[in-house]
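Raw my_file08.cif, mmCIF, C-alpha atoms:
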data_start
#
loop_
_atom_site.label_atom_id
_atom_site.label_comp_id
_atom_site.auth_asym_id
_atom_site.auth_seq_id
_atom_site.Cartn_x
_atom_site.Cartn_y
_atom_site.Cartn_z
CA MET R 20 1.86 -24.61 3.39
CA SER R 21 0.95 -23.26 -0.02
CA SER R 22 3.67 -22.50 -2.54
CA PRO R 23 4.18 -18.96 -3.83
CA GLN R 24 3.16 -18.25 -7.40
CA THR R 25 6.23 -17.67 -9.52
CA SER R 26 6.62 -15.21 -12.34
CA PRO R 27 8.68 -15.63 -15.50
CA GLU R 28 12.40 -15.58 -14.86
CA PRO R 29 13.53 -11.98 -14.23
CA GLU R 30 15.95 -10.28 -16.56
CA GLN R 31 19.59 -10.66 -15.57
CA GLU R 32 21.48 -7.38 -15.60
CA ALA R 33 24.90 -6.27 -14.44
CA THR R 34 24.66 -3.24 -12.16
CA SER R 35 27.11 -1.17 -10.18
CA SER R 36 26.58 -0.62 -6.46
CA PRO R 37 26.21 2.64 -4.56
CA THR R 38 29.39 3.87 -2.90
CA TRP R 39 30.12 4.63 0.74
CA GLN R 40 30.38 8.32 -0.17
CA GLN R 41 26.86 8.20 -1.58
CA ILE R 42 25.61 6.65 1.66
CA VAL R 43 27.30 9.40 3.69
CA GLU R 44 25.74 12.06 1.45
CA ALA R 45 22.32 10.42 1.74
CA HIS R 46 22.56 10.43 5.52
CA ALA R 47 23.49 14.10 5.55
CA LEU R 48 20.52 14.90 3.30
CA ILE R 49 17.86 13.05 5.30
CA ALA R 50 19.16 13.35 8.87
CA ALA R 51 17.10 16.43 9.71
CA HIS R 52 13.93 14.77 8.42
CA ILE R 53 14.09 11.36 10.12
CA HIS R 54 14.51 9.95 13.62
CA ARG R 55 17.80 8.59 14.89
CA THR R 56 16.06 5.46 16.11
CA PRO R 57 17.12 3.81 19.39
CA VAL R 58 18.87 0.47 19.85
CA LEU R 59 17.18 -1.67 22.51
CA THR R 60 18.33 -4.82 24.28
CA SER R 61 16.58 -7.64 26.15
CA GLN R 62 18.18 -9.90 28.72
CA THR R 63 15.40 -12.45 28.17
CA LEU R 64 16.04 -12.64 24.45
CA ASN R 65 19.79 -12.77 25.05
CA ARG R 66 19.30 -15.80 27.28
CA ILE R 67 16.99 -17.60 24.86
CA SER R 68 19.22 -16.95 21.84
CA ASN R 69 22.55 -17.47 23.65
CA ALA R 70 23.71 -14.22 22.08
CA GLN R 71 23.89 -10.50 22.81
CA LEU R 72 21.18 -8.91 20.67
CA PHE R 73 20.96 -5.25 19.69
CA PHE R 74 17.64 -4.19 18.16
CA LYS R 75 17.69 -1.21 15.78
CA CYS R 76 14.10 -0.05 16.24
CA GLU R 77 12.90 1.31 12.92
CA ASN R 78 9.37 0.64 14.17
CA PHE R 79 9.88 3.99 15.95
CA GLN R 80 10.85 5.71 12.70
CA LYS R 81 8.72 8.38 11.02
CA THR R 82 5.86 6.76 9.07
CA GLY R 83 6.45 3.67 11.23
CA SER R 84 9.21 2.00 9.22
CA PHE R 85 12.69 2.30 7.73
CA LYS R 86 11.15 3.08 4.36
CA ILE R 87 11.17 6.83 4.97
CA ARG R 88 14.97 6.75 4.77
CA GLY R 89 15.05 5.63 1.15
CA ALA R 90 11.96 7.54 0.06
CA ALA R 91 13.26 10.75 1.61
CA ASN R 92 16.66 10.40 -0.02
CA ALA R 93 15.14 9.72 -3.43
CA ILE R 94 12.55 12.49 -3.31
CA LEU R 95 14.60 15.18 -1.57
CA SER R 96 17.37 14.67 -4.12
CA LEU R 97 15.07 15.16 -7.14
CA SER R 98 15.46 18.21 -9.30
CA ALA R 99 12.77 20.86 -8.95
CA GLU R 100 11.33 19.84 -12.34
CA ASP R 101 11.19 16.13 -11.52
CA ALA R 102 9.58 16.86 -8.16
CA ARG R 103 7.04 19.24 -9.75
CA ARG R 104 5.70 16.42 -11.94
CA GLY R 105 4.74 14.43 -8.86
CA ILE R 106 5.77 10.96 -7.69
CA VAL R 107 4.44 7.54 -8.59
CA THR R 108 5.29 4.25 -6.89
CA GLN R 109 3.91 0.80 -6.18
CA SER R 110 4.00 -0.73 -2.72
CA SER R 111 2.15 -2.98 -0.30
CA GLY R 112 2.22 -0.27 2.32
CA ASN R 113 5.28 1.03 4.15
CA HIS R 114 7.07 2.44 1.11
CA ALA R 115 3.74 3.84 -0.04
CA ALA R 116 3.32 5.84 3.17
CA ALA R 117 6.94 6.94 3.09
CA VAL R 118 6.65 8.22 -0.49
CA ALA R 119 3.40 10.06 0.31
CA CYS R 120 5.08 11.66 3.33
CA ALA R 121 8.27 12.68 1.50
CA ALA R 122 6.23 13.97 -1.45
CA ALA R 123 4.31 16.19 0.96
CA TRP R 124 7.65 17.56 2.21
CA ARG R 125 8.43 18.52 -1.40
CA ASN R 126 4.90 19.96 -1.78
CA THR R 127 4.12 17.65 -4.68
CA ARG R 128 1.59 14.95 -5.52
CA ALA R 129 1.99 11.22 -4.94
CA TRP R 130 0.21 8.51 -6.93
CA ILE R 131 0.43 5.21 -5.05
CA VAL R 132 -0.37 1.79 -6.48
CA MET R 133 -1.26 -0.70 -3.74
CA PRO R 134 -2.41 -4.34 -3.86
CA GLU R 135 -6.06 -4.70 -2.95
CA ASN R 136 -5.11 -6.90 0.03
CA SER R 137 -2.87 -4.26 1.63
CA PRO R 138 -3.51 -3.79 5.37
CA ARG R 139 -6.02 -1.05 6.10
CA VAL R 140 -3.66 0.67 8.55
CA LYS R 141 -1.13 1.16 5.74
CA CYS R 142 -3.75 2.44 3.30
CA ASP R 143 -4.98 4.89 5.93
CA ALA R 144 -1.43 6.17 6.44
CA VAL R 145 -1.02 6.85 2.72
CA LYS R 146 -4.27 8.80 2.65
CA ALA R 147 -3.29 10.76 5.77
CA PHE R 148 -0.14 11.98 4.01
CA GLY R 149 -2.16 13.01 0.96
CA GLY R 150 -1.31 10.14 -1.36
CA LYS R 151 -3.79 9.11 -4.07
CA ILE R 152 -4.22 5.33 -4.01
CA THR R 153 -4.98 3.13 -6.99
CA PHE R 154 -5.65 -0.47 -6.01
CA CYS R 155 -4.62 -3.41 -8.18
CA GLU R 156 -4.57 -7.19 -8.06
CA PRO R 157 -2.12 -8.57 -5.47
CA THR R 158 0.60 -9.58 -7.91
CA LEU R 159 3.90 -7.92 -8.74
CA THR R 160 2.93 -7.92 -12.41
CA ALA R 161 -0.26 -5.98 -11.72
CA ARG R 162 1.58 -3.53 -9.47
CA LYS R 163 4.20 -2.80 -12.09
CA GLU R 164 1.73 -2.50 -14.97
CA THR R 165 -0.56 -0.18 -13.03
CA ALA R 166 2.31 2.07 -11.94
CA THR R 167 3.61 2.21 -15.51
CA LYS R 168 0.17 3.23 -16.77
CA ILE R 169 -0.18 5.99 -14.19
CA GLN R 170 3.31 7.27 -14.94
CA ALA R 171 2.46 7.45 -18.64
CA GLU R 172 -0.79 9.30 -17.93
CA THR R 173 0.62 11.80 -15.41
CA GLY R 174 4.28 12.21 -16.31
CA ALA R 175 5.12 11.57 -12.66
CA THR R 176 8.60 10.56 -11.54
CA LEU R 177 8.95 6.91 -10.53
CA VAL R 178 10.44 6.15 -7.11
CA HIS R 179 10.74 2.37 -7.02
CA PRO R 180 10.51 0.66 -3.60
CA TYR R 181 13.96 -0.93 -3.91
CA ASP R 182 15.28 -1.00 -7.49
CA ASP R 183 16.83 2.47 -7.14
CA ASP R 184 20.30 3.46 -5.90
CA ARG R 185 18.90 6.50 -4.11
CA VAL R 186 16.51 4.28 -2.17
CA ILE R 187 19.22 1.74 -1.34
CA THR R 188 21.62 4.41 -0.06
CA GLY R 189 18.85 5.86 2.09
CA GLN R 190 18.08 2.46 3.60
CA ALA R 191 21.82 1.93 4.21
CA THR R 192 21.76 4.66 6.83
CA ALA R 193 20.00 2.40 9.36
CA ALA R 194 22.97 0.00 9.56
CA LYS R 195 25.34 2.97 9.44
CA GLU R 196 23.73 4.29 12.63
CA LEU R 197 23.63 0.85 14.24
CA LEU R 198 27.34 0.28 13.74
CA ALA R 199 28.14 3.80 14.88
CA ASP R 200 26.52 2.84 18.20
CA TYR R 201 27.87 -0.73 18.36
CA SER R 202 30.95 -1.08 16.19
CA ASP R 203 31.90 -4.59 17.35
CA LEU R 204 28.89 -6.55 16.12
CA ASP R 205 29.63 -10.02 14.78
CA ALA R 206 26.55 -10.20 12.55
CA ILE R 207 23.44 -8.33 11.44
CA LEU R 208 20.06 -9.86 10.59
CA ALA R 209 17.46 -7.97 8.55
CA PRO R 210 14.30 -8.85 6.61
CA VAL R 211 14.55 -9.37 2.86
CA SER R 212 11.90 -8.83 0.20
CA GLY R 213 12.89 -6.59 -2.69
CA GLY R 214 16.25 -6.25 -1.00
CA GLY R 215 16.56 -2.49 -0.57
CA LEU R 216 17.06 -2.59 3.20
CA LEU R 217 19.28 -5.66 3.14
CA SER R 218 21.39 -4.37 0.24
CA GLY R 219 21.91 -1.08 2.01
CA THR R 220 22.71 -2.90 5.24
CA CYS R 221 25.34 -4.96 3.43
CA LEU R 222 26.96 -1.90 1.88
CA SER R 223 27.21 0.05 5.14
CA ALA R 224 28.20 -2.90 7.30
CA ARG R 225 30.81 -4.27 4.92
CA HIS R 226 32.46 -0.85 4.68
CA LEU R 227 32.49 -0.26 8.43
CA LYS R 228 33.42 -3.80 9.48
CA PRO R 229 34.62 -6.02 6.61
CA SER R 230 34.57 -9.21 8.72
CA ILE R 231 30.92 -8.92 9.77
CA ARG R 232 28.46 -11.64 8.72
CA LEU R 233 25.20 -10.53 7.15
CA PHE R 234 21.96 -12.51 6.91
CA GLY R 235 18.60 -11.96 5.30
CA CYS R 236 15.46 -13.36 6.93
CA GLU R 237 12.66 -14.39 4.59
CA PRO R 238 9.24 -16.10 4.75
CA ALA R 239 9.33 -19.67 3.51
CA LYS R 240 6.16 -18.79 1.56
CA ALA R 241 8.02 -16.06 -0.35
CA ASP R 242 11.49 -17.55 -0.70
CA ASP R 243 12.76 -16.03 -3.95
CA ALA R 244 15.87 -14.52 -2.31
CA TYR R 245 16.79 -17.88 -0.79
CA ARG R 246 16.33 -19.63 -4.13
CA SER R 247 18.23 -16.91 -5.96
CA LEU R 248 21.24 -17.14 -3.65
CA GLN R 249 21.20 -20.94 -3.74
CA SER R 250 21.04 -21.14 -7.53
CA GLY R 251 23.12 -18.08 -8.37
CA ILE R 252 20.35 -17.07 -10.79
CA LEU R 253 17.74 -14.44 -9.99
CA GLN R 254 14.43 -16.17 -9.27
CA GLY R 255 10.95 -14.71 -9.62
CA ILE R 256 7.82 -14.65 -7.51
CA ASP R 257 4.60 -12.91 -8.50
CA SER R 258 2.44 -13.31 -5.41
CA SER R 259 2.37 -14.81 -1.94
CA ASP R 260 -0.07 -14.88 0.95
CA THR R 261 2.54 -14.77 3.73
CA ILE R 262 1.42 -12.86 6.82
CA ALA R 263 4.56 -10.76 6.39
CA ASP R 264 2.77 -8.45 3.95
CA GLY R 265 5.82 -6.21 3.56
CA LEU R 266 7.89 -9.14 2.25
CA ARG R 267 5.83 -10.17 -0.76
CA ALA R 268 8.07 -8.55 -3.39
CA CYS R 269 11.10 -10.15 -5.04
CA LEU R 270 14.69 -9.14 -5.63
CA ALA R 271 15.65 -6.93 -8.56
CA PRO R 272 18.88 -7.42 -10.53
CA ARG R 273 20.32 -4.40 -8.70
CA THR R 274 19.71 -5.78 -5.20
CA PHE R 275 20.52 -9.37 -6.18
CA ALA R 276 23.96 -8.30 -7.40
CA ILE R 277 24.76 -6.72 -4.03
CA LEU R 278 23.40 -9.59 -1.95
CA ARG R 279 25.10 -12.24 -4.05
CA ARG R 280 28.42 -10.55 -3.39
CA GLU R 281 28.02 -9.56 0.27
CA LEU R 282 25.44 -11.76 2.00
CA SER R 283 26.36 -14.68 4.23
CA GLY R 284 23.02 -16.41 3.75
CA VAL R 285 19.21 -16.27 3.82
CA LEU R 286 17.35 -17.77 6.78
CA LEU R 287 13.84 -19.08 6.06
CA VAL R 288 11.06 -18.74 8.62
CA ASN R 289 7.59 -20.29 8.52
CA GLU R 290 4.34 -18.48 9.29
CA GLU R 291 4.00 -19.85 12.81
CA GLU R 292 7.55 -18.78 13.67
CA ILE R 293 6.90 -15.26 12.36
CA ILE R 294 3.78 -14.90 14.51
CA SER R 295 5.47 -16.38 17.57
CA ALA R 296 8.42 -13.97 17.27
CA MET R 297 6.05 -11.04 16.83
CA ARG R 298 4.14 -11.96 19.96
CA PHE R 299 7.37 -12.47 21.87
CA LEU R 300 8.61 -8.98 21.00
CA TRP R 301 5.28 -7.43 21.97
CA GLU R 302 5.13 -9.27 25.30
CA ARG R 303 8.77 -9.18 26.39
CA MET R 304 10.09 -5.92 24.92
CA LYS R 305 6.76 -4.04 25.05
CA ILE R 306 7.15 -2.74 21.51
CA VAL R 307 4.81 -2.89 18.52
CA VAL R 308 6.36 -4.62 15.51
CA GLU R 309 4.71 -5.99 12.38
CA PRO R 310 5.21 -9.53 11.06
CA SER R 311 7.68 -8.37 8.41
CA SER R 312 9.78 -6.92 11.22
CA SER R 313 9.63 -9.81 13.69
CA ILE R 314 11.03 -12.15 11.05
CA ALA R 315 14.50 -10.75 11.71
CA VAL R 316 14.64 -12.23 15.20
CA ALA R 317 12.62 -15.39 14.49
CA PRO R 318 15.61 -17.52 13.35
CA LEU R 319 17.36 -16.95 16.68
CA LEU R 320 14.34 -18.15 18.66
CA LYS R 321 14.47 -21.58 17.03
CA PRO R 322 16.36 -24.42 18.72
CA GLY R 323 19.88 -24.28 17.34
CA GLY R 324 19.17 -20.94 15.70
CA LEU R 325 22.46 -19.37 16.68
CA ALA R 326 24.42 -22.35 15.40
CA SER R 327 22.88 -21.86 11.95
CA LEU R 328 24.79 -18.58 11.65
CA ASN R 329 28.10 -20.40 12.04
CA LEU R 330 29.73 -17.42 13.74
CA PRO R 331 33.37 -17.73 14.85
CA PRO R 332 33.95 -17.47 18.61
CA ARG R 333 34.70 -14.04 20.00
CA SER R 334 38.22 -13.42 21.22
CA ASP R 335 36.92 -12.42 24.65
CA GLY R 336 34.87 -15.62 25.00
CA ALA R 337 31.61 -13.70 25.34
CA PRO R 338 28.45 -14.65 23.41
CA PRO R 339 28.32 -13.20 19.89
CA LYS R 340 26.96 -9.71 19.38
CA ILE R 341 24.19 -9.61 16.78
CA GLY R 342 22.37 -6.60 15.38
CA ILE R 343 18.69 -7.04 14.50
CA ILE R 344 16.98 -4.48 12.29
CA LEU R 345 13.32 -4.25 13.31
CA SER R 346 12.01 -2.81 10.08
CA GLY R 347 8.61 -1.45 11.05
CA GLY R 348 5.62 -1.40 13.34
CA ASN R 349 2.57 -0.72 11.17
CA VAL R 350 0.05 -3.29 12.35
CA ASP R 351 -3.69 -3.60 11.85
CA LEU R 352 -4.69 -3.84 15.51
CA SER R 353 -8.14 -5.15 14.59
CA SER R 354 -6.72 -8.37 13.15
CA LEU R 355 -3.81 -9.42 15.34
CA PRO R 356 -2.71 -13.00 14.56
CA PHE R 357 -1.69 -14.06 18.06
CA SER R 358 -4.71 -16.29 18.61
CA ARG R 359 -3.42 -18.43 15.75
CA ALA R 360 0.12 -18.70 17.14
#

Let me see whether you can do it: turn the structure in this file into structure tokens.
Amino acid sequence: MSSPQTSPEPEQEATSSPTWQQIVEAHALIAAHIHRTPVLTSQTLNRISNAQLFFKCENFQKTGSFKIRGAANAILSLSAEDARRGIVTQSSGNHAAAVACAAAWRNTRAWIVMPENSPRVKCDAVKAFGGKITFCEPTLTARKETATKIQAETGATLVHPYDDDRVITGQATAAKELLADYSDLDAILAPVSGGGLLSGTCLSARHLKPSIRLFGCEPAKADDAYRSLQSGILQGIDSSDTIADGLRACLAPRTFAILRRELSGVLLVNEEEIISAMRFLWERMKIVVEPSSSIAVAPLLKPGGLASLNLPPRSDGAPPKIGIILSGGNVDLSSLPFSRA
């Protein structure tokens, strides 16, 4: 297994976190524009994991992922002048499509910087929503520099994929909905990359159920969040070739501060385990999920996976109840990885 390329140590900054009231306001703003995604269950997966699993299916969300929640909140809340200037962002795919979609709702332009190795299905989605793509080298440094250049040339408003309170509060609405449907969950697992979804999940879940345990799931080939939480110092990563293409970013000071305070741990998953979990969800639950999404259930399919969460026993003696956020379902069907599983 190759090691991810690391970038210079990120800047350490103290940041304040979004409030519960801001999450409530974000939900009210975007509710009419997004789907209230279903929560599915699987007796087969319950048996294998020795737990009761509840899958929040953001693969059924508009644009095919949870990203529309944060992009919609950020863009719909812009002033008329900021929206008029257009939107610029950098993303490997799902946030890119979400920004292009939400920008179209505001009848404004979207300039999207994407790594040249982004999946074709995600590039096609951006174009379908009217976004103008600029490709760059597949490193975080190149993405940031290209977006900064376009912003300077166009005057567009930056909507960062995760380093933005408006984005985090939008993403927080997924866990808010999940816990509204199942208030007695013992834990929630979600993917982690830049940390927008997981940070938002932590903020909603900790407010609604303070005792809940919260875990991020991360590719071993892009393990900056794991290293950051272990060391207590924000770690960098500039590029990775993990199959989980949506998880190739790294934490920002804003998301790291939230996760360091609220997260119970980060669970690492190798490439074979990601592919195996993805295939399992396709075959057993009959739903399309992408590798970055399947990673959230992969730890529980390992031998002893449930024990690694160290959950206290339930008072009723039943197996623990665990929420799984399936983050998206945008897959290039011409290059499915199952033959390599």

One decimal, in Å: what's the spacing between atom CA of Arg55 of chain R and atom CA of Pro37 of chain R? 22.0 Å

May I ask which of the residues R:Gly255, R:Gly324, R:Gly105, R:Pro272 is the closest one to Thr160 of chain R, counting all atoms listed in the file?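 Going through R:Gly255, R:Gly324, R:Gly105, R:Pro272 one by one, the smallest distance to Thr160 of chain R is for R:Gly255.
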
Segment 190-206 of chain R: which residues within 9 Å, counting only C-alpha atoms, same-chain residues fewer than 4 positions away excluded, as a PyMOL selection string? chain R and resi 42-43+45-46+55-58+73-75+77+85-90+92+185-186+215-224+227-228+230-234+328+330-331+333+339-344

Around the point (6.3, -17.6, 11.5) in the file's coordinates, collect all residues with an atom within 9 Å, using only C-alpha atoms, and return them as a list in words. Pro238, Ala239, Ile262, Ala263, Val288, Asn289, Glu290, Glu291, Glu292, Ile293, Ile294, Ser295, Ala296, Met297, Pro310, Ser313, Ile314, Ala317 and Ala360 of chain R

Of R:His114, R:Leu282, R:Pro338, R:Asp351, the one sitting nearest Asn69 of chain R when using only C-alpha atoms is R:Pro338

Please measure the separation of atom CA of Leu300 of chain R and atom CA of Gly265 of chain R, giving the value in Å to one decimal.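 According to the coordinates, atom CA of Leu300 of chain R and atom CA of Gly265 of chain R are separated by 17.9 Å.
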
How would you write, as an MDAnalysis selection string, the residues chosen by the PyMOL selection byres ((chain R and resi 168) around 12) on this structure? chainID R and resid 107:109 130:132 153 155 161:167 169:175 177

Could you pull the residues within 9 Å of Asn78 of chain R, counting all atoms listed in the file, minus those fewer than 4 positions along the same chain, as a PDB file with C-alpha atoms, in the frame of the given file?
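Output file out.pdb follows:
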ATOM      1  CA  THR R  56      16.060   5.460  16.110  1.00  0.00           C
ATOM      2  CA  THR R  82       5.860   6.760   9.070  1.00  0.00           C
ATOM      3  CA  GLY R  83       6.450   3.670  11.230  1.00  0.00           C
ATOM      4  CA  SER R  84       9.210   2.000   9.220  1.00  0.00           C
ATOM      5  CA  PHE R  85      12.690   2.300   7.730  1.00  0.00           C
ATOM      6  CA  ILE R 306       7.150  -2.740  21.510  1.00  0.00           C
ATOM      7  CA  VAL R 307       4.810  -2.890  18.520  1.00  0.00           C
ATOM      8  CA  VAL R 308       6.360  -4.620  15.510  1.00  0.00           C
ATOM      9  CA  GLU R 309       4.710  -5.990  12.380  1.00  0.00           C
ATOM     10  CA  SER R 312       9.780  -6.920  11.220  1.00  0.00           C
ATOM     11  CA  LEU R 345      13.320  -4.250  13.310  1.00  0.00           C
ATOM     12  CA  SER R 346      12.010  -2.810  10.080  1.00  0.00           C
ATOM     13  CA  GLY R 347       8.610  -1.450  11.050  1.00  0.00           C
ATOM     14  CA  GLY R 348       5.620  -1.400  13.340  1.00  0.00           C
ATOM     15  CA  ASN R 349       2.570  -0.720  11.170  1.00  0.00           C
TER      16      ASN R 349
END

Atom CA of Pro157 of chain R to atom CA of Glu135 of chain R, straight-line distance in Å: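 If I compute the distance from atom CA of Glu135 of chain R to atom CA of Pro157 of chain R, I get 6.1 Å.
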
Calculated over all atoms listed in the file, which of the candidates R:Gln71, R:Thr176, R:Ser36, R:Asn136 has the smallest distance to Arg103 of chain R?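 Looking at the shortest contact to Arg103 of chain R, the residue is R:Thr176.
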
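Using only C-alpha atoms for every distance, the candidate list R:Gly251, R:Pro138, R:Gly336, R:Gly149 yields R:Gly149 as the residue closest to Ala123 of chain R.
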
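You can rank R:Arg104, R:Gln41, R:Thr274, R:Ile152 by their closest distance to Arg125 of chain R using only C-alpha atoms, and at the top of that list sits R:Arg104.
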
Could you list the residues chosen by the PyMOL selection byres ((chain R and resi 241) around 10) in this structure as a PyMOL selection string? chain R and resi 22-25+211-212+237-240+242-246+255-261+263+266-269+287-289

Which residue out of R:Val140, R:Ile94, R:Val350, R:Ala102 has the minimum interatomic distance to Ala121 of chain R when only C-alpha atoms are used? R:Ile94

Gly112 of chain R surroundings by all atoms listed in the file, 8 Å radius, close-in-sequence under 5 positions cut, as a PyMOL selection string: chain R and resi 133+137-138+141-142+145+265

Kindly save the residues from that selection, with C-alpha atoms included, as a PDB file, in the frame of the given file.
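selection.pdb, written as the output of this step:
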ATOM      1  CA  MET R 133      -1.260  -0.700  -3.740  1.00  0.00           C
ATOM      2  CA  SER R 137      -2.870  -4.260   1.630  1.00  0.00           C
ATOM      3  CA  PRO R 138      -3.510  -3.790   5.370  1.00  0.00           C
ATOM      4  CA  LYS R 141      -1.130   1.160   5.740  1.00  0.00           C
ATOM      5  CA  CYS R 142      -3.750   2.440   3.300  1.00  0.00           C
ATOM      6  CA  VAL R 145      -1.020   6.850   2.720  1.00  0.00           C
ATOM      7  CA  GLY R 265       5.820  -6.210   3.560  1.00  0.00           C
TER       8      GLY R 265
END
